[in-house]
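Content type mmCIF, C-alpha atoms, from the file my_file_14.cif:
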```
data_entry
loop_
_atom_site.label_atom_id
_atom_site.label_comp_id
_atom_site.auth_asym_id
_atom_site.auth_seq_id
_atom_site.Cartn_x
_atom_site.Cartn_y
_atom_site.Cartn_z
CA MET A 1 -36.09 69.26 -18.02
CA ALA A 2 -32.88 67.83 -16.65
CA ARG A 3 -33.29 64.44 -15.05
CA ALA A 4 -31.99 64.05 -11.53
CA ALA A 5 -29.54 61.20 -11.11
CA ILE A 6 -31.56 58.61 -9.22
CA PRO A 7 -29.41 55.87 -7.76
CA GLY A 8 -30.08 52.61 -9.54
CA ARG A 9 -31.66 54.30 -12.52
CA LEU A 10 -30.58 52.90 -15.87
CA ALA A 11 -29.23 56.01 -17.54
CA TRP A 12 -28.99 56.47 -21.29
CA ARG A 13 -25.35 56.38 -22.40
CA VAL A 14 -23.82 57.51 -25.64
CA ALA A 15 -22.38 54.53 -27.53
CA ARG A 16 -20.17 54.87 -30.61
CA LEU A 17 -19.79 52.17 -33.21
CA ALA A 18 -16.27 50.77 -32.88
CA GLU A 19 -16.38 47.63 -35.02
CA ALA A 20 -18.80 46.09 -37.46
CA ARG A 21 -18.84 42.75 -39.22
CA GLN A 22 -21.31 41.33 -41.71
CA GLU A 23 -22.62 38.13 -40.13
CA THR A 24 -24.88 36.96 -42.97
CA GLU A 25 -26.48 38.69 -45.93
CA THR A 26 -29.09 40.25 -43.61
CA ALA A 27 -27.35 40.37 -40.24
CA ARG A 28 -24.54 42.50 -38.91
CA THR A 29 -22.58 42.33 -35.68
CA LEU A 30 -21.91 45.74 -34.12
CA VAL A 31 -19.49 46.50 -31.29
CA PHE A 32 -19.96 49.78 -29.45
CA ASP A 33 -17.62 51.82 -27.27
CA VAL A 34 -19.58 52.83 -24.19
CA PRO A 35 -17.69 54.84 -21.56
CA ASP A 36 -18.21 53.50 -18.02
CA TRP A 37 -20.22 50.48 -19.20
CA PRO A 38 -21.00 48.55 -15.97
CA GLY A 39 -20.67 45.09 -17.55
CA GLN A 40 -23.31 42.42 -18.05
CA THR A 41 -24.32 38.85 -17.35
CA ALA A 42 -24.51 36.57 -20.37
CA GLY A 43 -28.07 36.59 -21.74
CA GLN A 44 -28.99 40.16 -20.82
CA HIS A 45 -30.18 42.77 -23.28
CA ILE A 46 -29.99 46.52 -23.77
CA ASP A 47 -32.42 49.17 -24.95
CA LEU A 48 -31.17 51.19 -27.89
CA ARG A 49 -32.48 54.62 -28.87
CA LEU A 50 -32.00 56.43 -32.15
CA THR A 51 -32.70 60.15 -32.51
CA ALA A 52 -33.21 61.89 -35.86
CA ASP A 53 -31.99 65.46 -36.41
CA ASP A 54 -35.48 66.85 -35.72
CA GLY A 55 -35.75 65.08 -32.37
CA TYR A 56 -37.84 62.08 -33.49
CA THR A 57 -36.78 58.97 -31.59
CA ALA A 58 -37.26 55.21 -31.83
CA GLN A 59 -36.32 52.56 -29.27
CA ARG A 60 -35.78 48.82 -29.53
CA SER A 61 -34.40 46.08 -27.28
CA TYR A 62 -31.47 43.92 -28.44
CA SER A 63 -29.75 41.01 -26.75
CA LEU A 64 -26.04 41.33 -26.12
CA SER A 65 -24.16 38.63 -28.02
CA ALA A 66 -21.00 38.89 -25.93
CA PRO A 67 -20.47 38.46 -22.17
CA ASP A 68 -18.15 41.43 -21.76
CA ARG A 69 -18.21 44.05 -24.50
CA VAL A 70 -21.26 45.79 -25.89
CA GLU A 71 -21.82 43.66 -28.96
CA LEU A 72 -25.16 43.33 -30.76
CA THR A 73 -26.00 41.09 -33.69
CA VAL A 74 -28.87 42.64 -35.58
CA GLN A 75 -31.03 41.04 -38.23
CA ARG A 76 -32.41 43.41 -40.85
CA ILE A 77 -36.19 43.36 -40.85
CA ALA A 78 -37.39 44.36 -44.32
CA ASP A 79 -39.99 46.88 -43.16
CA GLY A 80 -38.21 47.67 -39.91
CA GLU A 81 -37.56 51.13 -38.58
CA VAL A 82 -34.42 50.61 -36.49
CA SER A 83 -32.77 47.41 -37.75
CA PRO A 84 -32.09 48.65 -41.33
CA TYR A 85 -30.28 51.66 -39.87
CA LEU A 86 -28.06 49.38 -37.78
CA THR A 87 -27.38 46.86 -40.56
CA ASP A 88 -26.98 49.25 -43.51
CA VAL A 89 -26.48 52.87 -42.48
CA ILE A 90 -24.59 53.45 -39.24
CA GLY A 91 -20.86 53.98 -39.73
CA LEU A 92 -17.82 53.63 -37.49
CA GLY A 93 -17.76 56.39 -34.89
CA ASP A 94 -21.47 57.19 -35.24
CA PRO A 95 -23.37 57.52 -31.97
CA VAL A 96 -26.49 55.83 -30.68
CA GLU A 97 -27.84 55.87 -27.14
CA LEU A 98 -28.32 52.79 -25.06
CA ARG A 99 -29.10 51.75 -21.54
CA GLY A 100 -28.76 48.54 -19.65
CA PRO A 101 -27.91 45.84 -19.09
CA VAL A 102 -31.46 44.64 -18.48
CA GLY A 103 -32.93 41.29 -17.50
CA GLY A 104 -32.18 38.98 -14.61
CA TRP A 105 -33.92 35.80 -15.73
CA PHE A 106 -32.64 34.68 -19.12
CA VAL A 107 -29.03 34.65 -17.89
CA TRP A 108 -26.27 32.13 -17.32
CA ARG A 109 -23.41 32.54 -14.88
CA PRO A 110 -20.22 30.44 -14.74
CA GLY A 111 -20.16 28.11 -11.75
CA THR A 112 -23.79 27.02 -12.04
CA GLU A 113 -22.58 23.40 -12.39
CA ARG A 114 -25.60 22.04 -14.24
CA PRO A 115 -25.31 20.96 -17.88
CA VAL A 116 -26.79 23.51 -20.25
CA LEU A 117 -28.89 23.01 -23.37
CA LEU A 118 -29.17 26.03 -25.64
CA ILE A 119 -31.77 26.04 -28.41
CA ALA A 120 -31.63 28.89 -30.91
CA GLY A 121 -33.91 29.74 -33.80
CA GLY A 122 -32.34 32.14 -36.31
CA SER A 123 -31.17 35.38 -34.73
CA GLY A 124 -32.18 33.93 -31.34
CA ILE A 125 -28.58 32.74 -31.22
CA ALA A 126 -27.43 36.17 -29.97
CA PRO A 127 -27.94 35.86 -26.18
CA LEU A 128 -26.97 32.17 -26.31
CA MET A 129 -23.69 33.11 -27.99
CA ALA A 130 -22.99 35.38 -25.01
CA MET A 131 -23.44 32.32 -22.76
CA ILE A 132 -21.16 30.15 -24.92
CA ARG A 133 -18.51 32.87 -24.83
CA ALA A 134 -18.92 33.41 -21.08
CA ARG A 135 -18.31 29.71 -20.49
CA ARG A 136 -15.22 29.65 -22.70
CA ARG A 137 -13.81 32.84 -21.19
CA SER A 138 -14.24 31.66 -17.61
CA GLY A 139 -12.80 28.19 -18.24
CA ASP A 140 -16.00 26.76 -16.75
CA GLY A 141 -16.22 23.01 -17.41
CA THR A 142 -20.02 22.83 -17.57
CA PRO A 143 -21.07 20.78 -20.62
CA PHE A 144 -22.98 22.91 -23.14
CA THR A 145 -25.04 21.70 -26.07
CA LEU A 146 -26.24 24.12 -28.72
CA LEU A 147 -29.08 23.16 -31.05
CA TYR A 148 -29.18 25.89 -33.66
CA SER A 149 -32.00 26.01 -36.19
CA VAL A 150 -31.40 28.01 -39.37
CA ARG A 151 -33.05 28.10 -42.76
CA THR A 152 -29.96 27.50 -44.89
CA PRO A 153 -26.20 27.13 -44.40
CA SER A 154 -25.68 30.80 -45.28
CA ASP A 155 -27.92 31.88 -42.39
CA VAL A 156 -25.55 30.67 -39.64
CA TYR A 157 -24.33 33.50 -37.41
CA PHE A 158 -20.87 33.20 -35.82
CA ALA A 159 -20.18 30.34 -38.24
CA ASP A 160 -16.37 30.37 -37.97
CA GLU A 161 -16.40 30.66 -34.20
CA LEU A 162 -18.91 27.83 -33.80
CA ARG A 163 -16.81 25.57 -36.02
CA ARG A 164 -13.72 26.01 -33.87
CA PRO A 165 -13.23 23.33 -31.20
CA ASP A 166 -14.45 24.46 -27.77
CA HIS A 167 -13.97 21.69 -25.23
CA GLY A 168 -17.26 20.61 -23.68
CA LEU A 169 -19.39 22.45 -26.24
CA THR A 170 -21.40 20.36 -28.69
CA VAL A 171 -22.96 22.20 -31.63
CA ALA A 172 -25.74 20.64 -33.69
CA LEU A 173 -27.22 22.55 -36.61
CA VAL A 174 -30.78 22.01 -37.75
CA TYR A 175 -31.48 23.23 -41.28
CA THR A 176 -35.13 23.91 -42.00
CA ARG A 177 -35.09 24.78 -45.75
CA GLU A 178 -31.80 23.73 -47.29
CA ALA A 179 -28.96 21.62 -45.84
CA PRO A 180 -25.34 21.33 -47.02
CA ASP A 181 -24.62 18.56 -49.53
CA GLY A 182 -24.44 15.20 -47.84
CA TRP A 183 -25.99 16.43 -44.58
CA PRO A 184 -27.51 13.37 -42.89
CA ARG A 185 -30.69 15.08 -41.69
CA PRO A 186 -33.22 16.17 -44.31
CA PRO A 187 -34.21 19.84 -44.02
CA GLY A 188 -37.17 20.38 -41.72
CA ARG A 189 -38.32 21.99 -38.55
CA LEU A 190 -36.99 21.02 -35.14
CA ALA A 191 -38.52 17.63 -34.31
CA PRO A 192 -38.50 15.18 -31.39
CA ALA A 193 -35.71 13.17 -33.05
CA ASP A 194 -33.40 16.21 -32.85
CA LEU A 195 -33.63 16.10 -29.07
CA ALA A 196 -33.72 12.33 -28.60
CA HIS A 197 -30.04 11.92 -27.71
CA LEU A 198 -29.94 14.81 -25.22
CA GLY A 199 -29.88 14.37 -21.45
CA LEU A 200 -32.83 15.49 -19.38
CA ALA A 201 -30.87 17.10 -16.57
CA GLY A 202 -29.78 20.67 -16.54
CA ASP A 203 -30.87 24.12 -17.59
CA CYS A 204 -32.43 24.90 -20.96
CA PHE A 205 -32.37 28.29 -22.64
CA VAL A 206 -34.55 28.71 -25.73
CA CYS A 207 -34.49 31.86 -27.86
CA GLY A 208 -35.99 32.69 -31.23
CA PRO A 209 -39.21 33.75 -32.92
CA THR A 210 -42.37 33.02 -30.98
CA GLY A 211 -43.51 30.02 -33.03
CA PHE A 212 -40.08 28.42 -32.79
CA VAL A 213 -39.80 28.95 -29.04
CA GLU A 214 -43.32 27.61 -28.44
CA ALA A 215 -42.51 24.48 -30.45
CA ALA A 216 -39.08 23.91 -28.89
CA ALA A 217 -40.29 24.45 -25.32
CA ASP A 218 -43.23 22.09 -25.93
CA LEU A 219 -40.83 19.44 -27.25
CA LEU A 220 -38.66 19.80 -24.15
CA VAL A 221 -41.64 19.50 -21.80
CA ALA A 222 -42.96 16.50 -23.73
CA ARG A 223 -39.55 14.85 -23.35
CA GLY A 224 -39.74 15.25 -19.61
CA HIS A 225 -37.65 18.35 -18.97
CA ASP A 226 -38.69 20.15 -15.81
CA PRO A 227 -40.62 23.25 -17.06
CA ARG A 228 -39.04 25.26 -14.25
CA ARG A 229 -35.63 24.62 -15.79
CA ILE A 230 -36.66 25.91 -19.22
CA ARG A 231 -36.09 29.61 -19.74
CA THR A 232 -37.38 31.26 -22.85
CA GLU A 233 -36.90 34.52 -24.67
CA ARG A 234 -39.10 35.31 -27.65
CA PHE A 235 -39.15 37.99 -30.26
CA GLY A 236 -41.36 38.65 -33.24
CA MET B 1 -33.06 66.05 -27.20
CA GLY B 2 -30.86 62.97 -27.31
CA ILE B 3 -27.68 62.51 -29.31
CA VAL B 4 -28.49 62.51 -33.02
CA SER B 5 -27.56 59.38 -34.95
CA PRO B 6 -26.51 60.68 -38.38
CA GLY B 7 -28.56 59.26 -41.22
CA PHE B 8 -31.42 58.06 -39.00
CA HIS B 9 -34.75 59.38 -40.18
CA GLY B 10 -37.30 56.92 -38.81
CA ARG B 11 -40.64 55.85 -40.14
CA ARG B 12 -42.94 58.44 -38.52
CA ARG B 13 -45.76 56.02 -38.32
CA LYS B 14 -48.96 58.02 -38.22
CA SER B 15 -50.12 56.83 -34.88
CA ALA B 16 -46.90 57.72 -33.03
CA ALA B 17 -48.70 60.55 -31.24
CA GLU B 18 -51.15 58.13 -29.61
CA LEU B 19 -48.43 55.90 -28.22
CA PRO B 20 -46.62 56.11 -24.87
CA PRO B 21 -42.97 57.26 -25.09
CA GLY B 22 -40.54 54.77 -26.61
CA GLN B 23 -43.29 52.50 -28.01
CA TYR B 24 -43.90 51.49 -31.62
CA LEU B 25 -47.07 50.22 -33.21
CA THR B 26 -47.46 46.59 -34.20
CA ASN B 27 -50.35 44.83 -35.89
CA ASP B 28 -49.05 41.40 -34.86
CA PHE B 29 -49.60 40.04 -31.39
CA PRO B 30 -46.12 39.17 -30.14
CA VAL B 31 -45.70 36.79 -27.22
CA LEU B 32 -43.52 37.37 -24.19
CA SER B 33 -43.12 34.61 -21.64
CA ALA B 34 -40.31 33.46 -19.41
CA GLY B 35 -40.86 29.74 -19.84
CA PRO B 36 -42.87 27.05 -21.59
CA THR B 37 -46.58 27.58 -22.09
CA PRO B 38 -48.59 25.70 -19.45
CA ARG B 39 -51.45 23.68 -20.96
CA MET B 40 -54.47 24.00 -18.67
CA ARG B 41 -57.79 22.27 -19.22
CA GLU B 42 -60.78 24.44 -18.47
CA ASP B 43 -62.18 21.66 -16.26
CA ASP B 44 -59.09 21.89 -14.07
CA TRP B 45 -59.00 25.69 -14.01
CA GLU B 46 -59.74 27.55 -10.82
CA PHE B 47 -59.45 31.16 -9.83
CA THR B 48 -58.92 32.10 -6.19
CA VAL B 49 -58.85 35.41 -4.38
CA THR B 50 -57.14 35.09 -1.00
CA THR B 51 -57.49 37.98 1.42
CA GLU B 52 -54.89 39.22 3.89
CA THR B 53 -56.71 37.22 6.62
CA GLY B 54 -56.46 34.00 4.62
CA ARG B 55 -60.10 33.90 3.52
CA GLU B 56 -60.42 32.26 0.10
CA HIS B 57 -62.96 33.03 -2.62
CA ARG B 58 -62.89 30.43 -5.37
CA TRP B 59 -64.43 30.09 -8.83
CA THR B 60 -64.46 27.10 -11.13
CA TRP B 61 -64.48 27.67 -14.90
CA ARG B 62 -68.28 27.27 -14.96
CA GLU B 63 -68.80 29.66 -12.05
CA PHE B 64 -66.45 32.16 -13.68
CA LEU B 65 -68.39 32.03 -16.97
CA ASP B 66 -71.65 32.61 -15.07
CA LEU B 67 -70.46 36.04 -13.95
CA PRO B 68 -71.53 39.03 -16.04
CA ALA B 69 -69.33 39.36 -19.12
CA GLU B 70 -67.81 42.58 -20.41
CA THR B 71 -66.14 43.25 -23.75
CA PRO B 72 -63.37 45.82 -23.24
CA THR B 73 -61.62 47.28 -26.30
CA VAL B 74 -58.27 48.60 -25.11
CA ASP B 75 -54.76 49.60 -26.19
CA ILE B 76 -51.95 47.41 -24.82
CA HIS B 77 -48.31 48.33 -24.31
CA CYS B 78 -45.50 45.80 -23.83
CA VAL B 79 -42.28 46.81 -22.06
CA THR B 80 -40.38 45.28 -25.00
CA LYS B 81 -41.59 48.37 -26.93
CA TRP B 82 -44.55 47.19 -29.00
CA SER B 83 -48.02 48.61 -28.60
CA LYS B 84 -51.20 47.30 -30.12
CA LEU B 85 -54.29 49.47 -30.40
CA ALA B 86 -57.97 48.67 -29.96
CA THR B 87 -57.59 45.02 -28.94
CA GLU B 88 -60.93 43.31 -28.28
CA TRP B 89 -61.40 41.05 -25.27
CA GLU B 90 -64.18 39.35 -23.40
CA GLY B 91 -64.11 38.53 -19.73
CA VAL B 92 -65.19 39.38 -16.21
CA SER B 93 -64.41 42.66 -14.49
CA LEU B 94 -62.35 42.38 -11.30
CA ASP B 95 -65.04 44.58 -9.77
CA ALA B 96 -67.44 41.66 -10.13
CA LEU B 97 -64.93 39.15 -8.75
CA LEU B 98 -64.04 41.36 -5.79
CA ALA B 99 -67.60 42.51 -5.04
CA ASP B 100 -68.06 40.19 -2.05
CA VAL B 101 -64.45 40.20 -0.90
CA GLU B 102 -63.86 42.05 2.35
CA THR B 103 -60.36 43.39 2.56
CA GLU B 104 -58.25 46.17 4.01
CA ALA B 105 -55.34 45.27 1.73
CA ASP B 106 -53.62 47.86 -0.46
CA PHE B 107 -51.66 45.45 -2.66
CA ALA B 108 -52.24 42.44 -4.86
CA LEU B 109 -49.90 39.65 -5.93
CA VAL B 110 -51.28 37.88 -8.99
CA HIS B 111 -50.14 34.30 -9.51
CA SER B 112 -50.37 32.04 -12.55
CA TYR B 113 -50.28 28.41 -13.53
CA GLY B 114 -46.60 27.78 -14.30
CA GLY B 115 -45.40 29.87 -11.35
CA TYR B 116 -45.41 33.41 -12.76
CA THR B 117 -46.28 36.27 -10.40
CA THR B 118 -46.78 40.02 -10.72
CA ASN B 119 -47.69 42.70 -8.18
CA LEU B 120 -49.75 45.84 -8.38
CA PRO B 121 -51.75 48.11 -6.08
CA LEU B 122 -55.25 46.78 -5.45
CA ALA B 123 -56.57 50.21 -6.52
CA ASP B 124 -55.37 49.43 -10.07
CA LEU B 125 -57.51 46.30 -10.26
CA VAL B 126 -60.86 47.96 -9.47
CA GLU B 127 -63.19 50.60 -10.88
CA GLY B 128 -63.33 49.26 -14.40
CA GLN B 129 -59.57 49.03 -14.90
CA ALA B 130 -58.99 45.26 -14.93
CA TRP B 131 -60.56 42.04 -16.13
CA ILE B 132 -59.99 38.29 -16.20
CA VAL B 133 -60.40 37.65 -19.94
CA HIS B 134 -60.95 34.35 -21.73
CA ARG B 135 -61.67 35.49 -25.29
CA TYR B 136 -59.62 37.61 -27.67
CA ASN B 137 -60.84 38.91 -31.05
CA GLY B 138 -63.99 36.84 -30.77
CA GLU B 139 -62.18 33.55 -30.19
CA GLU B 140 -61.03 31.48 -27.25
CA LEU B 141 -57.81 32.86 -25.82
CA ALA B 142 -54.91 30.81 -27.22
CA PRO B 143 -52.59 29.12 -24.70
CA GLU B 144 -49.54 31.16 -25.79
CA HIS B 145 -51.50 34.33 -25.06
CA GLY B 146 -52.54 33.10 -21.64
CA GLY B 147 -55.51 30.84 -22.25
CA PRO B 148 -57.74 29.61 -20.80
CA ALA B 149 -57.77 32.99 -19.02
CA ARG B 150 -55.45 35.88 -18.29
CA LEU B 151 -55.53 39.10 -16.35
CA LEU B 152 -55.99 42.26 -18.43
CA VAL B 153 -54.77 45.53 -16.87
CA PRO B 154 -54.23 47.64 -19.98
CA HIS B 155 -53.19 50.88 -18.27
CA LEU B 156 -49.96 49.22 -17.05
CA TYR B 157 -47.20 47.54 -19.11
CA PHE B 158 -48.48 44.21 -20.34
CA TRP B 159 -46.30 42.03 -18.08
CA LYS B 160 -48.78 43.01 -15.32
CA SER B 161 -51.54 41.31 -17.36
CA ALA B 162 -50.55 37.86 -16.11
CA LYS B 163 -51.20 34.96 -18.48
CA TRP B 164 -52.64 31.63 -17.24
CA VAL B 165 -53.97 33.46 -14.21
CA HIS B 166 -54.73 31.24 -11.22
CA GLY B 167 -55.39 33.65 -8.39
CA ILE B 168 -54.76 36.89 -6.56
CA ARG B 169 -53.40 37.27 -3.05
CA LEU B 170 -54.40 40.49 -1.33
CA LEU B 171 -51.59 41.85 0.82
CA THR B 172 -51.12 44.67 3.30
CA ASP B 173 -47.47 45.05 2.18
CA ASP B 174 -46.26 45.20 -1.41
CA GLU B 175 -44.44 42.06 -2.53
CA PRO B 176 -42.52 42.11 -5.83
CA GLY B 177 -43.50 39.62 -8.51
CA PHE B 178 -41.37 37.79 -11.09
CA TRP B 179 -40.17 40.61 -13.36
CA GLU B 180 -40.41 43.15 -10.56
CA SER B 181 -37.74 41.08 -8.75
CA ALA B 182 -35.60 41.00 -11.90
CA GLY B 183 -35.02 44.70 -12.42
CA TYR B 184 -38.35 45.80 -13.85
CA HIS B 185 -40.39 48.65 -12.42
CA ASP B 186 -42.67 48.00 -9.47
CA TYR B 187 -45.62 49.90 -10.98
CA GLY B 188 -45.03 50.02 -14.75
CA ASP B 189 -46.98 53.01 -16.11
CA PRO B 190 -46.25 53.14 -19.86
CA TRP B 191 -47.14 56.84 -20.12
CA ARG B 192 -44.43 57.62 -17.58
CA GLU B 193 -42.14 55.05 -19.24
CA GLN B 194 -41.63 53.12 -16.00
CA ARG B 195 -39.84 50.17 -17.59
CA TYR B 196 -37.07 49.44 -15.13
CA GLN B 197 -36.35 50.05 -11.46
CA GLY B 198 -35.59 53.72 -10.92
CA ASP B 199 -37.45 54.93 -14.04
#
```

Would you mind giving the structure from this file in C-alpha cells?
Amino acid sequence: MARAAIPGRLAWRVARLAEARQETETARTLVFDVPDWPGQTAGQHIDLRLTADDGYTAQRSYSLSAPDRVELTVQRIADGEVSPYLTDVIGLGDPVELRGPVGGWFVWRPGTERPVLLIAGGSGIAPLMAMIRARRRSGDGTPFTLLYSVRTPSDVYFADELRRPDHGLTVALVYTREAPDGWPRPPGRLAPADLAHLGLAGDCFVCGPTGFVEAAADLLVARGHDPRRIRTERFG
Amino acid sequence: MGIVSPGFHGRRRKSAAELPPGQYLTNDFPVLSAGPTPRMREDDWEFTVTTETGREHRWTWREFLDLPAETPTVDIHCVTKWSKLATEWEGVSLDALLADVETEADFALVHSYGGYTTNLPLADLVEGQAWIVHRYNGEELAPEHGGPARLLVPHLYFWKSAKWVHGIRLLTDDEPGFWESAGYHDYGDPWREQRYQGD
C-alpha cells in the first residue's frame, strides 16, 4: 500500500555510500549522499534500514558524527546483524534507507554560551564529535572539554582530527586497558580524579555504553554538577 | 519492498515473526535515559495521583506495598529498536491505584523523580494494561531500570513506562511529555510502528 505523504512525517530516503574511512580496526566512518537531506542539529541520530533481496529488513539507530553531512561512525559488533554489513560489506554507491534526523534533547547548538563538557566512552564519541565540529564550523567561542575514554591508543576514533589544535577545545584521553608509553595516568576506568580539574558550570553531554554512562553521570552528580544540566545517551 | 542493499542477508532470528515491525530481539536489558539516574530512598518515595479537579491521592512506599501485588510477564519494545520477550515483573495494577479515584479525565501525564514526564490516554492505564512495578526478575528493581518503582505499560513503546515514577496527573486535555515534545510519537504503538511524530 502506498503511504500518503503526511506533513511532518519522517520519510525513508535512499542514501548511497559516498565515502568510507576505516576509523579503527573495528570501526568505520561512512558518508552517505542523501538527496534533499533537511540537515541536522549536532547530537541527533538517524534510523537506518537494510533490505535483503527477499524483502527481509532490519533497522538500527545511529548517531550522526557530523553537524552537516550524513556521516555515521559504526562499530562492528561481533554477533551483530547490521553493523558488520556497514563496516565490512557495503561498497561505494550501494544504497541503504534512512530517515531522520531524530532527537531534540541530546543536541548542542552554537550560541548557547555555556561551557560544555563532553564525556565519551568508546564509540559514544560519535554524537559528541558532531558537537565539536559544529562549534568549530560556526566559529563559536564556547569552551569545550572532551573527556574520551578508550581501551587502548588504537581505539581512538577521529584521532588525527582530535590531535589538531582547535582553539577553545581541550581533549583529555582516558585509557582503560593500555596507555601509550610514558602516559602519566595509569590505565583504568574513569575516576573522580579525571574530573577534579573541571569547572562545575555548563552543560554536560555523556555518551557511551550503559555502564560507562551510569558511572560518568554519577561522578558528575557527586561532584556537584546540576543533574538537569547533564544529558545522557546510552547504547548497549 | 524497500531498496535492496546488495550483500545484506540479515540474521533471520527465529522470533522475528513475534516482534513488532523494525524491532530486533535482545536478551540483554539495555537502558535508555535522558539524564543521570536519580537515587531515591524507599522511605522518601511517594506516589500521587492528582485528578483534574486537584484532588490528590497519595501512597507512601509502605502503603503501596500493602496493595494487592500482581506478577505480569510481558514483552517490552523500546523505540531504539530492541525488544525483550517474557520479562517478569511484580507490582500493583493501576486499576487498584485508580479504584477510588473519581475522574472525568481522558488523559494522563506521568511524572518521575528527576523531572521526566510522559503522556498517554487514561484508557491505556486501566483494565489490566498497566502497573507500577518494583521488582524485576525476582529482585528489587535496580535504580538504572527505574527503581525503586517504575510504570509498566508494555503495549506501548517503553519510553511510556516511566522510570522513577512519582505520580500521575489526570488531565482533560492531552499534554505532551518529555520525548513527545522532542519529536517522538504522542501515542507510541509498536505494532503500528509509531516511533516519531507523523508515523

**Request:** Extract, using all atoms listed in the file, all DNA, RNA and protein residues at most 7 Å from Thr87 (chain B), discarding same-chain residues fewer than 5 positions from it, and format them as JSON, numbers by chain.
**Result:** {"B": [73, 74, 75]}

**Request:** Output as JSON, numbers by chain the set of chain A residues within 8 Å of chain B, with distances taken over all atoms listed in the file.
**Result:** {"A": [6, 7, 8, 9, 10, 14, 50, 51, 52, 53, 55, 56, 57, 58, 59, 60, 61, 81, 82, 85, 89, 90, 94, 95, 96, 97, 102, 103, 104, 105, 106, 210, 214, 217, 218, 221, 227, 228, 230, 231, 232, 233, 234, 235, 236]}

**Request:** For the file shown, report as a list in words the outcome of the PyMOL selection byres ((chain B and resi 161) around 9) at residue level.
**Result:**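 Written out, the selection comes to Thr118, Ala130, Arg150, Leu151, Leu152, Val153, Pro154, Leu156, Tyr157, Phe158, Trp159, Lys160, Ala162, Lys163 and Val165 of chain B.
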
Using C-alpha atoms, can you export the residues from the last selection as an mmCIF file, in the coordinates of the input?
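Saved the output as result-v4.cif:
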```cif
data_model
loop_
_atom_site.group_PDB
_atom_site.id
_atom_site.type_symbol
_atom_site.label_atom_id
_atom_site.label_comp_id
_atom_site.auth_asym_id
_atom_site.auth_seq_id
_atom_site.Cartn_x
_atom_site.Cartn_y
_atom_site.Cartn_z
ATOM 1 C CA THR B 118 -46.780 40.020 -10.720
ATOM 2 C CA ALA B 130 -58.990 45.260 -14.930
ATOM 3 C CA ARG B 150 -55.450 35.880 -18.290
ATOM 4 C CA LEU B 151 -55.530 39.100 -16.350
ATOM 5 C CA LEU B 152 -55.990 42.260 -18.430
ATOM 6 C CA VAL B 153 -54.770 45.530 -16.870
ATOM 7 C CA PRO B 154 -54.230 47.640 -19.980
ATOM 8 C CA LEU B 156 -49.960 49.220 -17.050
ATOM 9 C CA TYR B 157 -47.200 47.540 -19.110
ATOM 10 C CA PHE B 158 -48.480 44.210 -20.340
ATOM 11 C CA TRP B 159 -46.300 42.030 -18.080
ATOM 12 C CA LYS B 160 -48.780 43.010 -15.320
ATOM 13 C CA ALA B 162 -50.550 37.860 -16.110
ATOM 14 C CA LYS B 163 -51.200 34.960 -18.480
ATOM 15 C CA VAL B 165 -53.970 33.460 -14.210
#
```

**Request:** Name every residue that the PyMOL selection byres ((chain B and resi 133) around 6) selects in this structure, writing the answer as a PyMOL selection string with chains first and numbers rising.
**Result:** chain B and resi 90-91+131-132+134-135+149-150

Generate a file of the selected residues that holds C-alpha atoms, formatted as a PDB file, keeping the file's coordinate frame.
```
ATOM      1  CA  GLU B  90     -64.180  39.350 -23.400  1.00  0.00           C
ATOM      2  CA  GLY B  91     -64.110  38.530 -19.730  1.00  0.00           C
ATOM      3  CA  TRP B 131     -60.560  42.040 -16.130  1.00  0.00           C
ATOM      4  CA  ILE B 132     -59.990  38.290 -16.200  1.00  0.00           C
ATOM      5  CA  HIS B 134     -60.950  34.350 -21.730  1.00  0.00           C
ATOM      6  CA  ARG B 135     -61.670  35.490 -25.290  1.00  0.00           C
ATOM      7  CA  ALA B 149     -57.770  32.990 -19.020  1.00  0.00           C
ATOM      8  CA  ARG B 150     -55.450  35.880 -18.290  1.00  0.00           C
TER       9      ARG B 150
END
```

**Request:** Have a look at B:Ala86, B:Leu171, B:Cys78, B:Val49 and name the one nearest to Tyr136 (chain B); count all atoms listed in the file.
**Result:**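 Once distances to Tyr136 (chain B) are computed over all atoms listed in the file, the minimum belongs to B:Ala86.
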
**Item:** Residues returned when the PyMOL selection byres ((chain A and resi 66) around 8) runs on this file, as number ranges by chain
**Value:** A: 42, 64-65, 67-72, 127, 129-131, 133-134

**Request:** Give me the residues within 6 Å of region 111-119 of chain A as a list of chain:residue names, counting all atoms listed in the file and dropping any in the same chain fewer than 2 places off.
**Result:**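 What passes the distance filter is A:Thr142, A:Pro143, A:Phe144, A:Thr145, A:Leu146, A:Leu147, A:Tyr148, A:Gly202, A:Asp203, A:Cys204, A:Phe205, A:Val206.
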
**Request:** Can you work out the spacing between CA of Val150 (chain A) and CA of Leu173 (chain A) in Å, to one decimal?
**Result:**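 About the pair CA of Val150 (chain A) and CA of Leu173 (chain A): they are 7.4 Å apart.
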
**Request:** Would you please work out which residue, of A:Gly168, A:Gly80, A:Gly208, A:Gly188, is nearest to Ile132 (chain A) when using only C-alpha atoms?
**Result:** A:Gly168

**Message:** For Phe158 (chain A), find every residue with an atom within 10 Å (counting only C-alpha atoms), except residues of its own chain fewer than 2 positions away, and show them as JSON, numbers by chain.
**Reply:** {"A": [23, 24, 29, 73, 125, 126, 129, 155, 156, 160, 161, 162, 163]}

**Request:** Enter the distance from CA of Arg189 (chain A) to CA of Tyr157 (chain A), in Å, rounded to one decimal.
**Result:**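 Taking CA of Arg189 (chain A) as the start and CA of Tyr157 (chain A) as the end point, the length is 18.2 Å.
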
**Request:** State, in Å with one decimal place, the distance from CA of Lys84 (chain B) to CA of Glu18 (chain B).
**Result:** 10.8 Å

**Request:** May I ask which of the residues A:His167, A:Tyr175, A:Ala20, A:Pro101 is the closest one to Gln40 (chain A), counting all atoms listed in the file?
**Result:**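 Comparing A:His167, A:Tyr175, A:Ala20, A:Pro101 against Gln40 (chain A), the winner is A:Pro101.
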
**Which residue of B:Pro176, B:Gly54, B:Pro20, B:Pro143 approaches Tyr116 (chain B) most closely, using all atoms listed in the file** =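 Among the listed residues, the smallest separation from Tyr116 (chain B) belongs to B:Pro176.
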
**Fill in**
For Thr26 (chain B), the closest of B:Ser83, B:Ser93, B:Thr117, B:Thr71 counting only C-alpha atoms is B:Ser83
